[in-house]
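> Contents of data_35.cif (mmCIF, N, CA and C atoms) are below:
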data_structure
loop_
_atom_site.label_atom_id
_atom_site.label_comp_id
_atom_site.auth_asym_id
_atom_site.auth_seq_id
_atom_site.Cartn_x
_atom_site.Cartn_y
_atom_site.Cartn_z
N MET O 940 145.32 115.66 9.74
CA MET O 940 146.13 115.76 10.94
C MET O 940 145.44 115.00 12.07
N TRP O 941 146.24 114.30 12.87
CA TRP O 941 145.73 113.53 13.99
C TRP O 941 145.39 114.44 15.16
N GLN O 942 144.28 114.17 15.78
CA GLN O 942 143.92 114.91 16.98
C GLN O 942 144.25 114.07 18.20
N LEU O 943 144.75 114.72 19.22
CA LEU O 943 145.09 114.01 20.44
C LEU O 943 143.84 113.86 21.31
N ASP O 944 143.46 112.63 21.56
CA ASP O 944 142.30 112.40 22.42
C ASP O 944 142.69 111.56 23.64
N GLY O 945 143.91 111.74 24.12
CA GLY O 945 144.41 111.01 25.28
C GLY O 945 143.55 111.16 26.51
N PRO O 946 143.18 112.39 26.92
CA PRO O 946 142.37 112.53 28.12
C PRO O 946 141.04 111.78 28.03
N VAL O 947 140.44 111.73 26.83
CA VAL O 947 139.18 111.00 26.68
C VAL O 947 139.42 109.52 26.92
N GLU O 948 140.50 108.97 26.35
CA GLU O 948 140.82 107.57 26.56
C GLU O 948 141.11 107.29 28.03
N LEU O 949 141.79 108.20 28.69
CA LEU O 949 142.12 108.03 30.09
C LEU O 949 140.85 107.97 30.94
N LEU O 950 139.90 108.83 30.66
CA LEU O 950 138.68 108.89 31.45
C LEU O 950 137.77 107.69 31.19
N GLU O 951 137.90 107.04 30.02
CA GLU O 951 137.05 105.88 29.74
C GLU O 951 137.43 104.66 30.56
N MET O 952 138.61 104.64 31.13
CA MET O 952 139.08 103.49 31.89
C MET O 952 138.96 103.70 33.40
N ASP O 953 138.19 104.68 33.81
CA ASP O 953 138.06 105.00 35.23
C ASP O 953 137.43 103.86 36.02
N GLU O 954 137.85 103.74 37.27
CA GLU O 954 137.29 102.78 38.20
C GLU O 954 136.99 103.49 39.51
N VAL O 955 136.10 102.93 40.29
CA VAL O 955 135.82 103.46 41.62
C VAL O 955 136.67 102.67 42.61
N VAL O 956 137.49 103.38 43.38
CA VAL O 956 138.35 102.73 44.38
C VAL O 956 138.10 103.37 45.74
N ASP O 957 138.32 102.58 46.78
CA ASP O 957 138.18 103.07 48.15
C ASP O 957 139.48 103.71 48.60
N VAL O 958 139.36 104.85 49.29
CA VAL O 958 140.52 105.55 49.84
C VAL O 958 140.30 105.71 51.34
N ILE O 959 141.28 105.28 52.12
CA ILE O 959 141.24 105.45 53.57
C ILE O 959 142.20 106.58 53.91
N ARG O 960 141.66 107.66 54.44
CA ARG O 960 142.50 108.78 54.88
C ARG O 960 142.79 108.56 56.35
N GLN O 961 144.06 108.45 56.68
CA GLN O 961 144.47 108.18 58.05
C GLN O 961 144.10 109.35 58.95
N GLY O 962 143.55 109.06 60.10
CA GLY O 962 143.20 110.11 61.05
C GLY O 962 144.41 110.55 61.85
N ARG O 963 144.29 111.70 62.45
CA ARG O 963 145.36 112.23 63.29
C ARG O 963 144.87 112.17 64.73
N THR O 964 145.54 111.38 65.55
CA THR O 964 145.15 111.27 66.95
C THR O 964 146.20 111.94 67.82
N CYS O 965 145.75 112.49 68.91
CA CYS O 965 146.67 113.17 69.81
C CYS O 965 145.99 113.34 71.17
N PRO O 966 146.77 113.52 72.23
CA PRO O 966 146.16 113.72 73.54
C PRO O 966 145.38 115.03 73.58
N ASP O 967 144.27 115.00 74.29
CA ASP O 967 143.41 116.19 74.47
C ASP O 967 142.89 116.74 73.15
N ASN O 968 142.85 115.92 72.09
CA ASN O 968 142.31 116.32 70.79
C ASN O 968 142.99 117.53 70.18
N VAL O 969 144.23 117.77 70.51
CA VAL O 969 144.97 118.88 69.90
C VAL O 969 146.36 118.38 69.51
N ALA O 970 146.76 118.69 68.30
CA ALA O 970 148.12 118.40 67.85
C ALA O 970 148.72 119.71 67.39
N TYR O 971 150.02 119.76 67.31
CA TYR O 971 150.70 120.97 66.86
C TYR O 971 151.44 120.68 65.56
N VAL O 972 151.11 121.43 64.53
CA VAL O 972 151.77 121.32 63.23
C VAL O 972 152.38 122.67 62.93
N ASP O 973 153.68 122.70 62.74
CA ASP O 973 154.41 123.95 62.50
C ASP O 973 154.14 124.97 63.61
N GLY O 974 154.00 124.49 64.84
CA GLY O 974 153.80 125.37 65.97
C GLY O 974 152.37 125.86 66.18
N LEU O 975 151.45 125.44 65.31
CA LEU O 975 150.06 125.87 65.44
C LEU O 975 149.19 124.70 65.87
N PRO O 976 148.21 124.94 66.77
CA PRO O 976 147.35 123.84 67.20
C PRO O 976 146.40 123.41 66.08
N VAL O 977 146.27 122.11 65.93
CA VAL O 977 145.39 121.53 64.92
C VAL O 977 144.53 120.48 65.61
N ALA O 978 143.24 120.51 65.38
CA ALA O 978 142.33 119.54 66.01
C ALA O 978 142.56 118.16 65.41
N ALA O 979 142.34 117.14 66.24
CA ALA O 979 142.46 115.76 65.77
C ALA O 979 141.39 115.47 64.73
N THR O 980 141.69 114.60 63.80
CA THR O 980 140.72 114.23 62.77
C THR O 980 140.54 112.72 62.79
N PRO O 981 139.31 112.26 62.62
CA PRO O 981 139.08 110.81 62.59
C PRO O 981 139.47 110.24 61.22
N GLN O 982 139.63 108.92 61.19
CA GLN O 982 139.85 108.27 59.90
C GLN O 982 138.60 108.40 59.07
N SER O 983 138.78 108.46 57.76
CA SER O 983 137.62 108.49 56.88
C SER O 983 137.84 107.54 55.73
N ARG O 984 136.76 107.01 55.22
CA ARG O 984 136.81 106.11 54.07
C ARG O 984 135.90 106.68 53.00
N ASP O 985 136.49 107.00 51.86
CA ASP O 985 135.74 107.59 50.75
C ASP O 985 136.00 106.79 49.49
N GLN O 986 135.21 107.09 48.47
CA GLN O 986 135.43 106.49 47.16
C GLN O 986 135.79 107.58 46.17
N VAL O 987 136.75 107.28 45.31
CA VAL O 987 137.15 108.22 44.26
C VAL O 987 137.14 107.48 42.93
N ILE O 988 137.01 108.25 41.87
CA ILE O 988 137.06 107.70 40.52
C ILE O 988 138.44 108.00 39.96
N ALA O 989 139.14 106.96 39.51
CA ALA O 989 140.51 107.13 39.04
C ALA O 989 140.86 106.02 38.06
N THR O 990 141.95 106.23 37.34
CA THR O 990 142.52 105.23 36.46
C THR O 990 143.80 104.72 37.12
N LEU O 991 143.93 103.41 37.23
CA LEU O 991 145.13 102.82 37.83
C LEU O 991 145.84 101.98 36.78
N GLN O 992 147.15 102.18 36.68
CA GLN O 992 147.96 101.47 35.69
C GLN O 992 149.23 100.97 36.36
N PRO O 993 149.66 99.75 36.00
CA PRO O 993 150.92 99.26 36.58
C PRO O 993 152.09 100.09 36.11
N MET O 994 153.04 100.29 36.99
CA MET O 994 154.24 101.04 36.65
C MET O 994 155.20 100.11 35.92
N GLY O 995 155.90 100.62 34.97
CA GLY O 995 156.84 99.76 34.25
C GLY O 995 157.94 100.56 33.59
N GLY O 996 158.88 99.83 33.01
CA GLY O 996 159.94 100.44 32.23
C GLY O 996 160.83 101.38 33.02
N LYS O 997 161.01 102.56 32.47
CA LYS O 997 161.92 103.55 33.06
C LYS O 997 161.46 103.98 34.45
N ASP O 998 160.13 104.06 34.65
CA ASP O 998 159.62 104.46 35.97
C ASP O 998 160.08 103.51 37.07
N LEU O 999 160.06 102.20 36.78
CA LEU O 999 160.50 101.23 37.79
C LEU O 999 161.99 101.36 38.07
N MET O 1000 162.78 101.64 37.05
CA MET O 1000 164.22 101.77 37.26
C MET O 1000 164.56 103.00 38.10
N LEU O 1001 163.72 104.03 38.06
CA LEU O 1001 163.99 105.25 38.81
C LEU O 1001 163.52 105.19 40.26
N LEU O 1002 162.78 104.14 40.62
CA LEU O 1002 162.30 104.00 41.99
C LEU O 1002 163.44 103.66 42.94
N PRO O 1003 163.32 104.04 44.22
CA PRO O 1003 164.29 103.57 45.21
C PRO O 1003 164.27 102.04 45.27
N GLU O 1004 165.38 101.46 45.63
CA GLU O 1004 165.55 100.01 45.54
C GLU O 1004 164.49 99.23 46.32
N GLY O 1005 164.10 99.69 47.49
CA GLY O 1005 163.11 98.97 48.29
C GLY O 1005 161.74 98.91 47.63
N PHE O 1006 161.40 99.88 46.81
CA PHE O 1006 160.09 99.91 46.17
C PHE O 1006 160.04 99.04 44.92
N ARG O 1007 161.18 98.74 44.32
CA ARG O 1007 161.20 97.96 43.08
C ARG O 1007 160.66 96.55 43.27
N GLU O 1008 160.76 96.02 44.48
CA GLU O 1008 160.33 94.66 44.75
C GLU O 1008 158.85 94.59 45.11
N ARG O 1009 158.21 95.70 45.26
CA ARG O 1009 156.79 95.74 45.62
C ARG O 1009 155.94 96.03 44.39
N SER O 1010 154.66 95.77 44.53
CA SER O 1010 153.72 96.11 43.48
C SER O 1010 153.54 97.63 43.46
N THR O 1011 153.76 98.26 42.31
CA THR O 1011 153.64 99.71 42.20
C THR O 1011 152.67 100.07 41.08
N LEU O 1012 151.89 101.10 41.32
CA LEU O 1012 150.89 101.55 40.35
C LEU O 1012 150.96 103.07 40.20
N TRP O 1013 150.57 103.54 39.03
CA TRP O 1013 150.27 104.96 38.84
C TRP O 1013 148.77 105.13 38.99
N MET O 1014 148.36 106.17 39.66
CA MET O 1014 146.93 106.48 39.79
C MET O 1014 146.70 107.87 39.23
N TRP O 1015 145.81 107.96 38.26
CA TRP O 1015 145.46 109.23 37.62
C TRP O 1015 144.03 109.56 38.02
N GLN O 1016 143.85 110.65 38.73
CA GLN O 1016 142.53 111.05 39.21
C GLN O 1016 142.17 112.38 38.56
N ALA O 1017 141.16 112.35 37.69
CA ALA O 1017 140.76 113.56 36.97
C ALA O 1017 139.88 114.44 37.84
N HIS O 1018 140.01 115.75 37.65
CA HIS O 1018 139.17 116.74 38.33
C HIS O 1018 138.47 117.53 37.24
N ARG O 1019 137.25 117.16 36.97
CA ARG O 1019 136.56 117.77 35.83
C ARG O 1019 136.21 119.23 36.07
N THR O 1020 135.88 119.57 37.30
CA THR O 1020 135.65 120.98 37.65
C THR O 1020 136.28 121.24 39.01
N PRO O 1021 136.87 122.41 39.22
CA PRO O 1021 137.50 122.68 40.51
C PRO O 1021 136.52 122.76 41.66
N ALA O 1022 135.25 123.06 41.39
CA ALA O 1022 134.27 123.25 42.46
C ALA O 1022 133.58 121.95 42.84
N GLN O 1023 134.11 120.81 42.42
CA GLN O 1023 133.45 119.54 42.67
C GLN O 1023 133.49 119.12 44.13
N GLY O 1024 134.45 119.61 44.89
CA GLY O 1024 134.57 119.21 46.28
C GLY O 1024 135.00 117.76 46.41
N GLN O 1025 135.71 117.26 45.44
CA GLN O 1025 136.11 115.87 45.38
C GLN O 1025 137.39 115.65 46.20
N LEU O 1026 137.45 114.52 46.90
CA LEU O 1026 138.64 114.17 47.65
C LEU O 1026 139.79 113.92 46.69
N ARG O 1027 140.90 114.60 46.90
CA ARG O 1027 142.10 114.35 46.09
C ARG O 1027 143.06 113.53 46.95
N VAL O 1028 143.57 112.45 46.38
CA VAL O 1028 144.46 111.59 47.16
C VAL O 1028 145.71 112.37 47.56
N ASP O 1029 146.24 112.02 48.72
CA ASP O 1029 147.41 112.70 49.25
C ASP O 1029 148.35 111.66 49.86
N ILE O 1030 149.55 112.08 50.18
CA ILE O 1030 150.55 111.17 50.73
C ILE O 1030 150.01 110.54 52.02
N THR O 1031 150.29 109.28 52.21
CA THR O 1031 149.90 108.40 53.32
C THR O 1031 148.45 107.91 53.25
N ASP O 1032 147.67 108.33 52.25
CA ASP O 1032 146.35 107.73 52.07
C ASP O 1032 146.53 106.27 51.67
N ILE O 1033 145.55 105.44 52.03
CA ILE O 1033 145.57 104.03 51.66
C ILE O 1033 144.50 103.82 50.60
N VAL O 1034 144.88 103.22 49.47
CA VAL O 1034 143.96 102.95 48.37
C VAL O 1034 143.73 101.44 48.33
N LEU O 1035 142.48 101.00 48.40
CA LEU O 1035 142.13 99.59 48.30
C LEU O 1035 141.75 99.30 46.86
N TYR O 1036 142.51 98.41 46.22
CA TYR O 1036 142.30 98.12 44.80
C TYR O 1036 142.69 96.68 44.51
N GLY O 1037 141.79 95.94 43.89
CA GLY O 1037 142.10 94.58 43.47
C GLY O 1037 142.44 93.64 44.61
N GLY O 1038 141.84 93.83 45.77
CA GLY O 1038 142.09 92.95 46.89
C GLY O 1038 143.37 93.25 47.65
N ARG O 1039 144.04 94.35 47.32
CA ARG O 1039 145.28 94.74 48.00
C ARG O 1039 145.16 96.16 48.49
N ALA O 1040 146.03 96.49 49.43
CA ALA O 1040 146.11 97.86 49.92
C ALA O 1040 147.38 98.49 49.38
N TYR O 1041 147.27 99.72 48.93
CA TYR O 1041 148.40 100.47 48.40
C TYR O 1041 148.49 101.79 49.16
N GLN O 1042 149.71 102.19 49.49
CA GLN O 1042 149.91 103.47 50.16
C GLN O 1042 150.38 104.49 49.13
N VAL O 1043 149.83 105.70 49.21
CA VAL O 1043 150.24 106.78 48.31
C VAL O 1043 151.60 107.28 48.76
N GLN O 1044 152.61 107.14 47.90
CA GLN O 1044 153.96 107.59 48.22
C GLN O 1044 154.23 109.00 47.72
N SER O 1045 153.60 109.38 46.62
CA SER O 1045 153.74 110.75 46.12
C SER O 1045 152.44 111.13 45.43
N SER O 1046 152.13 112.40 45.49
CA SER O 1046 150.91 112.92 44.89
C SER O 1046 151.23 114.27 44.26
N GLU O 1047 150.98 114.39 42.96
CA GLU O 1047 151.29 115.62 42.24
C GLU O 1047 150.01 116.19 41.65
N ASP O 1048 149.71 117.43 41.96
CA ASP O 1048 148.54 118.11 41.41
C ASP O 1048 148.93 118.75 40.09
N TRP O 1049 148.36 118.25 39.01
CA TRP O 1049 148.67 118.75 37.67
C TRP O 1049 147.51 119.58 37.11
N GLY O 1050 146.78 120.26 37.96
CA GLY O 1050 145.70 121.13 37.52
C GLY O 1050 144.41 120.38 37.31
N SER O 1051 144.24 119.75 36.15
CA SER O 1051 142.99 119.07 35.86
C SER O 1051 142.97 117.63 36.38
N TYR O 1052 144.10 117.14 36.87
CA TYR O 1052 144.12 115.81 37.46
C TYR O 1052 145.29 115.69 38.44
N THR O 1053 145.22 114.64 39.25
CA THR O 1053 146.28 114.34 40.20
C THR O 1053 146.93 113.03 39.80
N ARG O 1054 148.26 113.00 39.79
CA ARG O 1054 148.99 111.76 39.53
C ARG O 1054 149.62 111.31 40.84
N ALA O 1055 149.34 110.08 41.22
CA ALA O 1055 149.87 109.55 42.48
C ALA O 1055 150.60 108.25 42.23
N MET O 1056 151.69 108.04 42.97
CA MET O 1056 152.41 106.77 42.91
C MET O 1056 151.97 105.93 44.10
N LEU O 1057 151.49 104.72 43.82
CA LEU O 1057 151.01 103.82 44.85
C LEU O 1057 151.98 102.65 45.00
N VAL O 1058 152.26 102.27 46.24
CA VAL O 1058 153.14 101.14 46.52
C VAL O 1058 152.37 100.16 47.39
N GLY O 1059 152.39 98.88 47.02
CA GLY O 1059 151.68 97.86 47.77
C GLY O 1059 152.16 97.77 49.20
N CYS O 1060 151.22 97.55 50.12
CA CYS O 1060 151.58 97.43 51.53
C CYS O 1060 150.78 96.28 52.13
N ASP O 1061 151.17 95.85 53.31
CA ASP O 1061 150.55 94.73 53.99
C ASP O 1061 149.19 95.15 54.52
N THR O 1062 148.14 94.47 54.08
CA THR O 1062 146.79 94.82 54.54
C THR O 1062 146.61 94.53 56.03
N GLY O 1063 147.41 93.62 56.59
CA GLY O 1063 147.26 93.30 58.00
C GLY O 1063 147.47 94.50 58.90
N VAL O 1064 148.37 95.38 58.52
CA VAL O 1064 148.63 96.58 59.31
C VAL O 1064 147.42 97.48 59.35
N PHE O 1065 146.64 97.48 58.27
CA PHE O 1065 145.51 98.39 58.16
C PHE O 1065 144.18 97.71 58.43
N ALA O 1066 144.19 96.49 58.97
CA ALA O 1066 142.94 95.78 59.22
C ALA O 1066 142.06 96.54 60.20
N GLY O 1067 142.65 97.22 61.17
CA GLY O 1067 141.87 97.98 62.13
C GLY O 1067 141.29 99.26 61.55
N ALA O 1068 141.82 99.72 60.42
CA ALA O 1068 141.34 100.95 59.81
C ALA O 1068 140.09 100.73 58.99
N VAL O 1069 139.80 99.48 58.66
CA VAL O 1069 138.65 99.16 57.82
C VAL O 1069 137.56 98.57 58.70
N ASP O 1070 136.34 99.04 58.53
CA ASP O 1070 135.21 98.52 59.28
C ASP O 1070 134.92 97.10 58.82
N PRO O 1071 135.12 96.07 59.66
CA PRO O 1071 134.95 94.69 59.21
C PRO O 1071 133.52 94.36 58.80
N ASP O 1072 132.53 95.14 59.24
CA ASP O 1072 131.15 94.89 58.85
C ASP O 1072 130.81 95.49 57.50
N ASN O 1073 131.71 96.28 56.93
CA ASN O 1073 131.41 96.97 55.68
C ASN O 1073 132.56 96.80 54.69
N VAL O 1074 133.05 95.57 54.55
CA VAL O 1074 134.17 95.29 53.66
C VAL O 1074 133.65 94.56 52.43
N PRO O 1075 133.99 95.01 51.22
CA PRO O 1075 133.56 94.29 50.02
C PRO O 1075 134.10 92.86 50.01
N ALA O 1076 133.45 91.99 49.27
CA ALA O 1076 133.82 90.57 49.23
C ALA O 1076 135.21 90.33 48.67
N ILE O 1077 135.78 91.29 47.95
CA ILE O 1077 137.11 91.06 47.37
C ILE O 1077 138.21 91.21 48.41
N TYR O 1078 137.87 91.54 49.65
CA TYR O 1078 138.86 91.65 50.72
C TYR O 1078 138.58 90.60 51.80
N PRO O 1079 138.68 89.30 51.48
CA PRO O 1079 138.32 88.28 52.47
C PRO O 1079 139.23 88.29 53.69
N ALA O 1080 140.49 88.69 53.53
CA ALA O 1080 141.40 88.70 54.67
C ALA O 1080 140.98 89.73 55.72
N LEU O 1081 140.19 90.71 55.31
CA LEU O 1081 139.74 91.75 56.24
C LEU O 1081 138.33 91.50 56.72
N GLY O 1082 137.74 90.35 56.37
CA GLY O 1082 136.42 90.01 56.87
C GLY O 1082 135.31 90.16 55.85
N GLY O 1083 135.62 90.37 54.58
CA GLY O 1083 134.58 90.51 53.55
C GLY O 1083 133.86 89.20 53.32
N GLN O 1084 132.58 89.26 53.08
CA GLN O 1084 131.78 88.05 52.88
C GLN O 1084 131.55 87.79 51.41
#
For this file, write the structure as structure tokens.

Amino acid sequence: MWQLDGPVELLEMDEVVDVIRQGRTCPDNVAYVDGLPVAATPQSRDQVIATLQPMGGKDLMLLPEGFRERSTLWMWQAHRTPAQGQLRVDITDIVLYGGRAYQVQSSEDWGSYTRAMLVGCDTGVFAGAVDPDNVPAIYPALGGQ
């Protein structure tokens, strides 16, 4: 009988990608979410380990029409232990991968991993979010050396 070793194969293709979590700015360092005050948060740039795969076939046909013309990826981020304190990608996070910026359009927590849909976006909009002195060489448009 065949044994399913899909998760092992998935984890062998992991890559380290940069994630920019958009900060929340507001006057007087206070914002209101659902009527409750929430302190402003700065932008942060972290690295996560994930598998990225191009979207294709039926998944592309089910996308809204505007997204079909853009580069779209699936991102699978494994969580080996719940106590890891690892950043889990969420909607509106920016993922830098392969010299392009992708915005997380959906993020689903499936227990042991998170599946996120990434859609390519213009890096020019996010040039101010990336520290130009600390950009890898694969991002020359943002100042990488």
> Quick one: pull the distance between atom N of Gln1016 (chain O) and CA of Leu1002 (chain O), Å, one decimal.
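Taking atom N of Gln1016 (chain O) and CA of Leu1002 (chain O), their separation equals 19.9 Å.
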> From the list O:Asp1032, O:Trp1015, O:Glu1004, O:Arg1009, which residue is nearest Gln961 (chain O) when using all atoms listed in the file?
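Smallest distance to Gln961 (chain O) is found for O:Asp1032.
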> Could you tell me how far CA of Gly1059 (chain O) lies from CA of Arg960 (chain O), in Å and to one decimal?
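Those two atoms sit 15.9 Å apart.
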> Need to verify the contact set: Thr990 (chain O), 6 Å, all atoms listed in the file, exclusion of same-chain residues closer than 4 positions in sequence. Can you return it as a list in words?
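Using all atoms listed in the file, the neighbours found are Met952, Asp953, Glu954, Trp1013, Met1014, Trp1015 and Gln1016 of chain O.
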> Counting only N, CA and C atoms, which residue out of O:Ile959, O:Ser1010, O:Arg1027, O:Ser1046 sits closest to Ser983 (chain O)?
O:Ile959
> Between atom N of Ile1033 (chain O) and CA of Leu1012 (chain O), what distance in Å does the model show, to one decimal?
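Separation between atom N of Ile1033 (chain O) and CA of Leu1012 (chain O): 13.4 Å.
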> Which is closest to Val987 (chain O) among O:Leu1035, O:Val1058, O:Val955, O:Leu999, if we use all atoms listed in the file?
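Closest candidate: O:Val955.
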> Could you list, as a PyMOL selection string, every residue within 7 Å of Val1034 (chain O), counting all atoms listed in the file and ignoring same-chain residues fewer than 5 positions away?
chain O and resi 956-959+1039-1043
